[in-house]
file coords01.txt (compact mmCIF, C-alpha atoms)
# COMPACT_ATOMS: atom_id res chain seq x y z
CA MET A 1 107.65 134.44 86.15
CA SER A 2 104.81 134.75 88.63
CA SER A 3 104.36 132.40 91.55
CA ASN A 4 101.18 131.66 93.48
CA ASN A 5 101.47 129.98 96.89
CA ASN A 6 98.15 129.57 98.68
CA PHE A 7 95.25 127.40 99.62
CA GLU A 8 92.90 126.24 96.93
CA ILE A 9 89.35 125.60 98.11
CA GLU A 10 87.26 124.04 95.39
CA HIS A 11 83.87 122.45 94.84
CA LYS A 12 83.70 119.86 92.08
CA TYR A 13 80.68 118.33 90.31
CA LEU A 14 80.14 115.52 87.85
CA ILE A 15 77.66 116.89 85.29
CA ARG A 16 75.80 115.61 82.25
CA TYR A 17 77.60 116.48 79.02
CA PRO A 18 76.68 120.15 78.47
CA GLU A 19 74.44 121.36 75.67
CA PRO A 20 76.22 123.35 72.91
CA GLN A 21 74.60 126.65 73.99
CA VAL A 22 76.23 126.30 77.44
CA LEU A 23 79.66 125.91 75.89
CA GLN A 24 79.05 128.77 73.45
CA CYS A 25 78.54 131.13 76.41
CA ALA A 26 82.08 130.58 77.70
CA GLU A 27 84.19 133.67 78.35
CA ARG A 28 87.33 131.76 77.38
CA VAL A 29 88.20 128.33 76.05
CA TYR A 30 91.49 126.50 76.58
CA GLU A 31 92.88 123.25 75.26
CA ILE A 32 94.86 121.71 78.09
CA GLU A 33 97.43 118.94 78.19
CA GLN A 34 98.37 117.94 81.72
CA VAL A 35 101.33 115.69 82.53
CA TYR A 36 102.01 114.21 85.97
CA LEU A 37 105.62 114.00 87.09
CA ASN A 38 107.39 111.37 89.19
CA VAL A 39 106.81 111.69 92.93
CA VAL A 40 109.54 113.50 94.83
CA ASN A 41 107.70 114.15 98.12
CA THR A 42 105.02 111.71 99.29
CA GLY A 43 101.61 113.36 99.32
CA VAL A 44 102.57 116.05 96.79
CA ASN A 45 101.37 115.78 93.19
CA ARG A 46 103.62 117.51 90.67
CA ARG A 47 102.40 118.31 87.20
CA ILE A 48 103.11 120.41 84.15
CA ARG A 49 100.44 121.86 81.95
CA LYS A 50 100.32 123.28 78.45
CA ARG A 51 97.36 125.62 77.97
CA SER A 52 96.53 126.68 74.42
CA SER A 53 94.02 129.27 73.27
CA SER A 54 93.53 131.70 70.42
CA ASN A 55 96.12 133.87 72.21
CA GLY A 56 98.86 131.24 71.99
CA LYS A 57 100.38 128.77 74.44
CA GLU A 58 101.26 129.05 78.11
CA PHE A 59 103.10 126.56 80.29
CA PHE A 60 102.78 125.95 84.04
CA TYR A 61 104.40 123.90 86.80
CA THR A 62 102.16 123.02 89.77
CA GLU A 63 102.51 121.21 93.07
CA LYS A 64 99.38 120.20 95.01
CA GLN A 65 99.08 118.74 98.46
CA HIS A 66 95.72 117.67 99.94
CA ILE A 67 94.97 119.13 103.36
CA THR A 68 91.31 118.02 103.36
CA ASP A 69 89.06 116.77 100.54
CA ILE A 70 88.07 120.35 99.73
CA ARG A 71 91.25 122.27 100.70
CA ARG A 72 94.68 121.92 99.14
CA ILE A 73 97.96 123.78 99.16
CA GLU A 74 98.73 124.77 95.59
CA ILE A 75 101.98 126.22 94.33
CA GLU A 76 101.89 127.18 90.67
CA LYS A 77 104.26 129.12 88.47
CA GLN A 78 104.39 129.92 84.81
CA ILE A 79 107.34 128.31 83.03
CA SER A 80 108.88 128.47 79.57
CA GLU A 81 108.27 125.92 76.84
CA GLU A 82 111.89 124.82 77.28
CA GLU A 83 111.33 124.19 81.02
CA PHE A 84 108.13 122.30 80.17
CA ASN A 85 110.04 120.04 77.77
CA GLU A 86 112.80 119.43 80.35
CA LEU A 87 110.27 118.57 83.07
CA PHE A 88 108.42 116.30 80.64
CA LEU A 89 111.41 113.95 80.91
CA GLN A 90 110.39 113.39 84.57
CA ARG A 91 106.94 112.17 83.49
CA ASP A 92 105.26 109.53 85.64
CA MET A 93 104.90 106.75 83.06
CA SER A 94 102.17 105.05 85.12
CA ARG A 95 99.83 107.94 84.29
CA ASN A 96 98.36 109.00 80.97
CA VAL A 97 98.59 112.55 79.69
CA ILE A 98 95.27 114.24 80.47
CA SER A 99 93.80 116.20 77.57
CA LYS A 100 90.72 118.34 78.09
CA THR A 101 88.94 121.39 76.85
CA ARG A 102 88.27 123.93 79.59
CA TYR A 103 85.40 126.40 79.29
CA LEU A 104 85.32 129.37 81.67
CA ILE A 105 81.68 130.19 82.40
CA ARG A 106 80.54 133.08 84.57
CA TYR A 107 77.28 132.84 86.46
CA ARG A 108 76.15 135.18 89.27
CA GLU A 109 79.66 136.53 89.91
CA GLN A 110 81.13 133.00 90.05
CA LEU A 111 83.68 131.80 87.50
CA PHE A 112 83.21 128.09 86.80
CA GLU A 113 85.68 125.85 85.03
CA LEU A 114 83.88 123.27 82.91
CA ASP A 115 86.19 120.50 81.73
CA VAL A 116 85.25 118.27 78.80
CA TYR A 117 87.38 115.16 78.36
CA PRO A 118 87.76 113.24 75.07
CA PHE A 119 87.19 109.89 76.82
CA TRP A 120 83.67 110.82 78.04
CA THR A 121 80.73 111.61 75.77
CA ASP A 122 78.03 111.59 78.45
CA ARG A 123 79.57 113.64 81.28
CA ALA A 124 82.00 116.40 82.19
CA VAL A 125 83.37 118.04 85.33
CA LEU A 126 82.42 121.43 86.72
CA GLU A 127 84.64 123.17 89.29
CA LEU A 128 84.37 126.36 91.28
CA GLU A 129 87.11 127.82 93.44
CA VAL A 130 85.65 129.52 96.53
CA GLU A 131 86.94 131.88 99.19
CA ASP A 132 85.96 129.63 102.10
CA GLU A 133 84.47 126.19 102.61
CA SER A 134 81.05 127.51 103.66
CA GLN A 135 80.48 129.62 100.53
CA VAL A 136 77.21 128.78 98.77
CA VAL A 137 77.60 127.62 95.17
CA GLU A 138 74.94 128.64 92.64
CA ILE A 139 75.17 126.38 89.60
CA PRO A 140 73.82 127.67 86.28
CA PRO A 141 70.35 126.18 85.67
CA GLU A 142 71.38 124.95 82.19
CA ILE A 143 73.89 122.58 83.79
CA SER A 144 72.60 119.21 85.00
CA VAL A 145 74.52 117.97 88.04
CA ILE A 146 74.81 114.20 88.43
CA CYS A 147 76.51 114.45 91.83
CA GLU A 148 79.04 116.43 93.82
CA ILE A 149 82.49 114.85 93.60
CA THR A 150 84.47 117.29 95.73
CA CYS A 151 85.39 114.54 98.19
CA ASP A 152 85.65 111.72 95.64
CA ARG A 153 89.33 111.34 94.85
CA ARG A 154 88.53 109.04 91.91
CA TYR A 155 87.71 112.21 89.97
CA THR A 156 90.93 114.13 90.55
CA ASN A 157 92.89 114.60 87.35
CA ALA A 158 95.75 112.67 88.95
CA SER A 159 93.42 109.68 89.44
CA LEU A 160 91.86 110.04 85.99
CA ALA A 161 95.36 109.95 84.51
CA LYS A 162 95.71 106.43 85.95
CA GLU A 163 92.19 105.21 85.18
CA ILE A 164 91.29 106.51 81.70
CA PRO A 165 88.63 105.65 80.72
CA PHE A 166 86.80 105.77 84.05
CA ASP A 167 83.33 104.28 83.49
CA GLU A 168 81.68 104.30 86.90
CA ILE A 169 79.81 107.19 88.47
call {"tool": "encode", "arguments": {"input": "coords01.txt", "output": "C-alpha cells"}}
result
Amino acid sequence: MSSNNNFEIEHKYLIRYPEPQVLQCAERVYEIEQVYLNVVNTGVNRRIRKRSSSNGKEFFYTEKQHITDIRRIEIEKQISEEEFNELFLQRDMSRNVISKTRYLIRYREQLFELDVYPFWTDRAVLELEVEDESQVVEIPPEISVICEITCDRRYTNASLAKEIPFDEI
C-alpha cells in the first residue's frame, strides 16, 4: 500500500463540453465513483474513490485540507475493495456519490485531468496539478475555457456532491 503525503497545487477550469476528438486523444480514461465520508476533523474532507479502467479497479482513501484556494494538503493511499466497502458505511448521507469520467490529456508536457459529469451536458472541468503557484498553464487550443474556478469552492467535488445538479456558472 503506497501513501502520498504532500501539498497539492492545482489550477481548475470550467470548460465547454469537449468535442469528441479531444476525448479520443486521452492517454487514459477512468470511470470514477467518489464517496464523501462523515467529518472527523473540522476542515478535513475524507473520501473514498473507486477508479475503473480497462485494467480493472483500484480503490483509494484520501484526506484533503485547504491551506489556500489553490494549495491543499492531500494524503492519499490505495486501499483494498474490502476496506472501501467498510469505509462506505461511514458515508456522509448529506452528499451524493459523485460519478464522473476522467480523461488524462497531455499537452506541452502537462498532464490535464478532464472530468465529465453525467449531470452536465454543456460543460466539464479541467484540472492541472502544478509544481508551484506561479507556474504558467498552457491549455490545449481545442478546449474552450468558460472561466477559471480554482478559487471557486462551489466547484469542488465535495460541494458538487451536495449541490447536484449545479446549474449556475
call {"tool": "closest_residue", "arguments": {"input": "coords01.txt", "among": "A:Ser94, A:Gln78, A:Gln21, A:Thr42", "to": "Ala158 (chain A)", "atoms": "only C-alpha atoms"}}
result
A:Ser94
call {"tool": "closest_residue", "arguments": {"input": "coords01.txt", "among": "A:Tyr103, A:Tyr13, A:Tyr36, A:Phe60", "to": "Ile79 (chain A)", "atoms": "all atoms listed in the file"}}
result
A:Phe60
call {"tool": "residues_around", "arguments": {"input": "coords01.txt", "residues": "Glu113 (chain A)", "least_positions_apart": "4", "cutoff": "9 Å", "atoms": "all atoms listed in the file", "output": "PyMOL selection string"}}
result
chain A and resi 102-106+125-129
call {"tool": "write_last_selection", "arguments": {"input": "coords01.txt", "atoms": "C-alpha atoms", "output": "PDB file, keeping the file's coordinate frame"}}
result
ATOM      1  CA  ARG A 102      88.270 123.930  79.590  1.00  0.00           C
ATOM      2  CA  TYR A 103      85.400 126.400  79.290  1.00  0.00           C
ATOM      3  CA  LEU A 104      85.320 129.370  81.670  1.00  0.00           C
ATOM      4  CA  ILE A 105      81.680 130.190  82.400  1.00  0.00           C
ATOM      5  CA  ARG A 106      80.540 133.080  84.570  1.00  0.00           C
ATOM      6  CA  VAL A 125      83.370 118.040  85.330  1.00  0.00           C
ATOM      7  CA  LEU A 126      82.420 121.430  86.720  1.00  0.00           C
ATOM      8  CA  GLU A 127      84.640 123.170  89.290  1.00  0.00           C
ATOM      9  CA  LEU A 128      84.370 126.360  91.280  1.00  0.00           C
ATOM     10  CA  GLU A 129      87.110 127.820  93.440  1.00  0.00           C
TER      11      GLU A 129
END
call {"tool": "closest_residue", "arguments": {"input": "coords01.txt", "among": "A:Ile75, A:Ile9, A:Val29, A:Val97", "to": "Thr150 (chain A)", "atoms": "only C-alpha atoms"}}
result
A:Ile9
call {"tool": "residues_around", "arguments": {"input": "coords01.txt", "residues": "Ile143 (chain A)", "least_positions_apart": "5", "cutoff": "8 Å", "atoms": "only C-alpha atoms", "output": "list in words"}}
result
Ile15, Arg16, Pro18 and Val22 of chain A
call {"tool": "atom_distance", "arguments": {"input": "coords01.txt", "atom1": "CA of Thr68 (chain A)", "atom2": "CA of Ile32 (chain A)"}}
result
25.8 Å
call {"tool": "residues_around", "arguments": {"input": "coords01.txt", "residues": "Val137 (chain A)", "least_positions_apart": "5", "cutoff": "9 Å", "atoms": "all atoms listed in the file", "output": "number ranges by chain"}}
result
A: 11, 110, 128, 130
call {"tool": "write_last_selection", "arguments": {"input": "coords01.txt", "atoms": "C-alpha atoms", "output": "mmCIF file, in the coordinates of the input"}}
result
data_model
loop_
_atom_site.group_PDB
_atom_site.id
_atom_site.type_symbol
_atom_site.label_atom_id
_atom_site.label_comp_id
_atom_site.auth_asym_id
_atom_site.auth_seq_id
_atom_site.Cartn_x
_atom_site.Cartn_y
_atom_site.Cartn_z
ATOM 1 C CA HIS A 11 83.870 122.450 94.840
ATOM 2 C CA GLN A 110 81.130 133.000 90.050
ATOM 3 C CA LEU A 128 84.370 126.360 91.280
ATOM 4 C CA VAL A 130 85.650 129.520 96.530
#
call {"tool": "residues_around", "arguments": {"input": "coords01.txt", "residues": "Val44 (chain A)", "least_positions_apart": "5", "cutoff": "8 Å", "atoms": "all atoms listed in the file", "output": "VMD selection string"}}
result
chain A and resid 39 63 to 66
call {"tool": "closest_residue", "arguments": {"input": "coords01.txt", "among": "A:Ala161, A:Ile67, A:Leu87, A:Ile146", "to": "Ser99 (chain A)", "atoms": "all atoms listed in the file"}}
result
A:Ala161
call {"tool": "closest_residue", "arguments": {"input": "coords01.txt", "among": "A:Asp152, A:Asp69, A:Glu81, A:Glu76", "to": "Leu14 (chain A)", "atoms": "all atoms listed in the file"}}
result
A:Asp152
call {"tool": "residues_around", "arguments": {"input": "coords01.txt", "residues": "Asn6 (chain A)", "least_positions_apart": "4", "cutoff": "9 Å", "atoms": "all atoms listed in the file", "output": "PyMOL selection string"}}
result
chain A and resi 72-75
call {"tool": "write_last_selection", "arguments": {"input": "coords01.txt", "atoms": "C-alpha atoms", "output": "mmCIF file, keeping the file's coordinate frame"}}
result
data_model
loop_
_atom_site.group_PDB
_atom_site.id
_atom_site.type_symbol
_atom_site.label_atom_id
_atom_site.label_comp_id
_atom_site.auth_asym_id
_atom_site.auth_seq_id
_atom_site.Cartn_x
_atom_site.Cartn_y
_atom_site.Cartn_z
ATOM 1 C CA ARG A 72 94.680 121.920 99.140
ATOM 2 C CA ILE A 73 97.960 123.780 99.160
ATOM 3 C CA GLU A 74 98.730 124.770 95.590
ATOM 4 C CA ILE A 75 101.980 126.220 94.330
#
call {"tool": "atom_distance", "arguments": {"input": "coords01.txt", "atom1": "CA of Ile98 (chain A)", "atom2": "CA of Glu33 (chain A)"}}
result
5.7 Å
call {"tool": "axis_aligned_box", "arguments": {"input": "coords01.txt", "around": "region 7-21 of chain A", "padding_each_side": "3 Å", "output": "JSON"}}
result
{"center_x": 84.8, "center_y": 121.5, "center_z": 86.3, "size_x": 26.8, "size_y": 17.9, "size_z": 32.7}
call {"tool": "closest_residue", "arguments": {"input": "coords01.txt", "among": "A:Val116, A:Ser134, A:Arg46, A:Gln34", "to": "Phe59 (chain A)", "atoms": "all atoms listed in the file"}}
result
A:Gln34
call {"tool": "atom_distance", "arguments": {"input": "coords01.txt", "atom1": "CA of Glu10 (chain A)", "atom2": "CA of Ile70 (chain A)"}}
result
5.8 Å
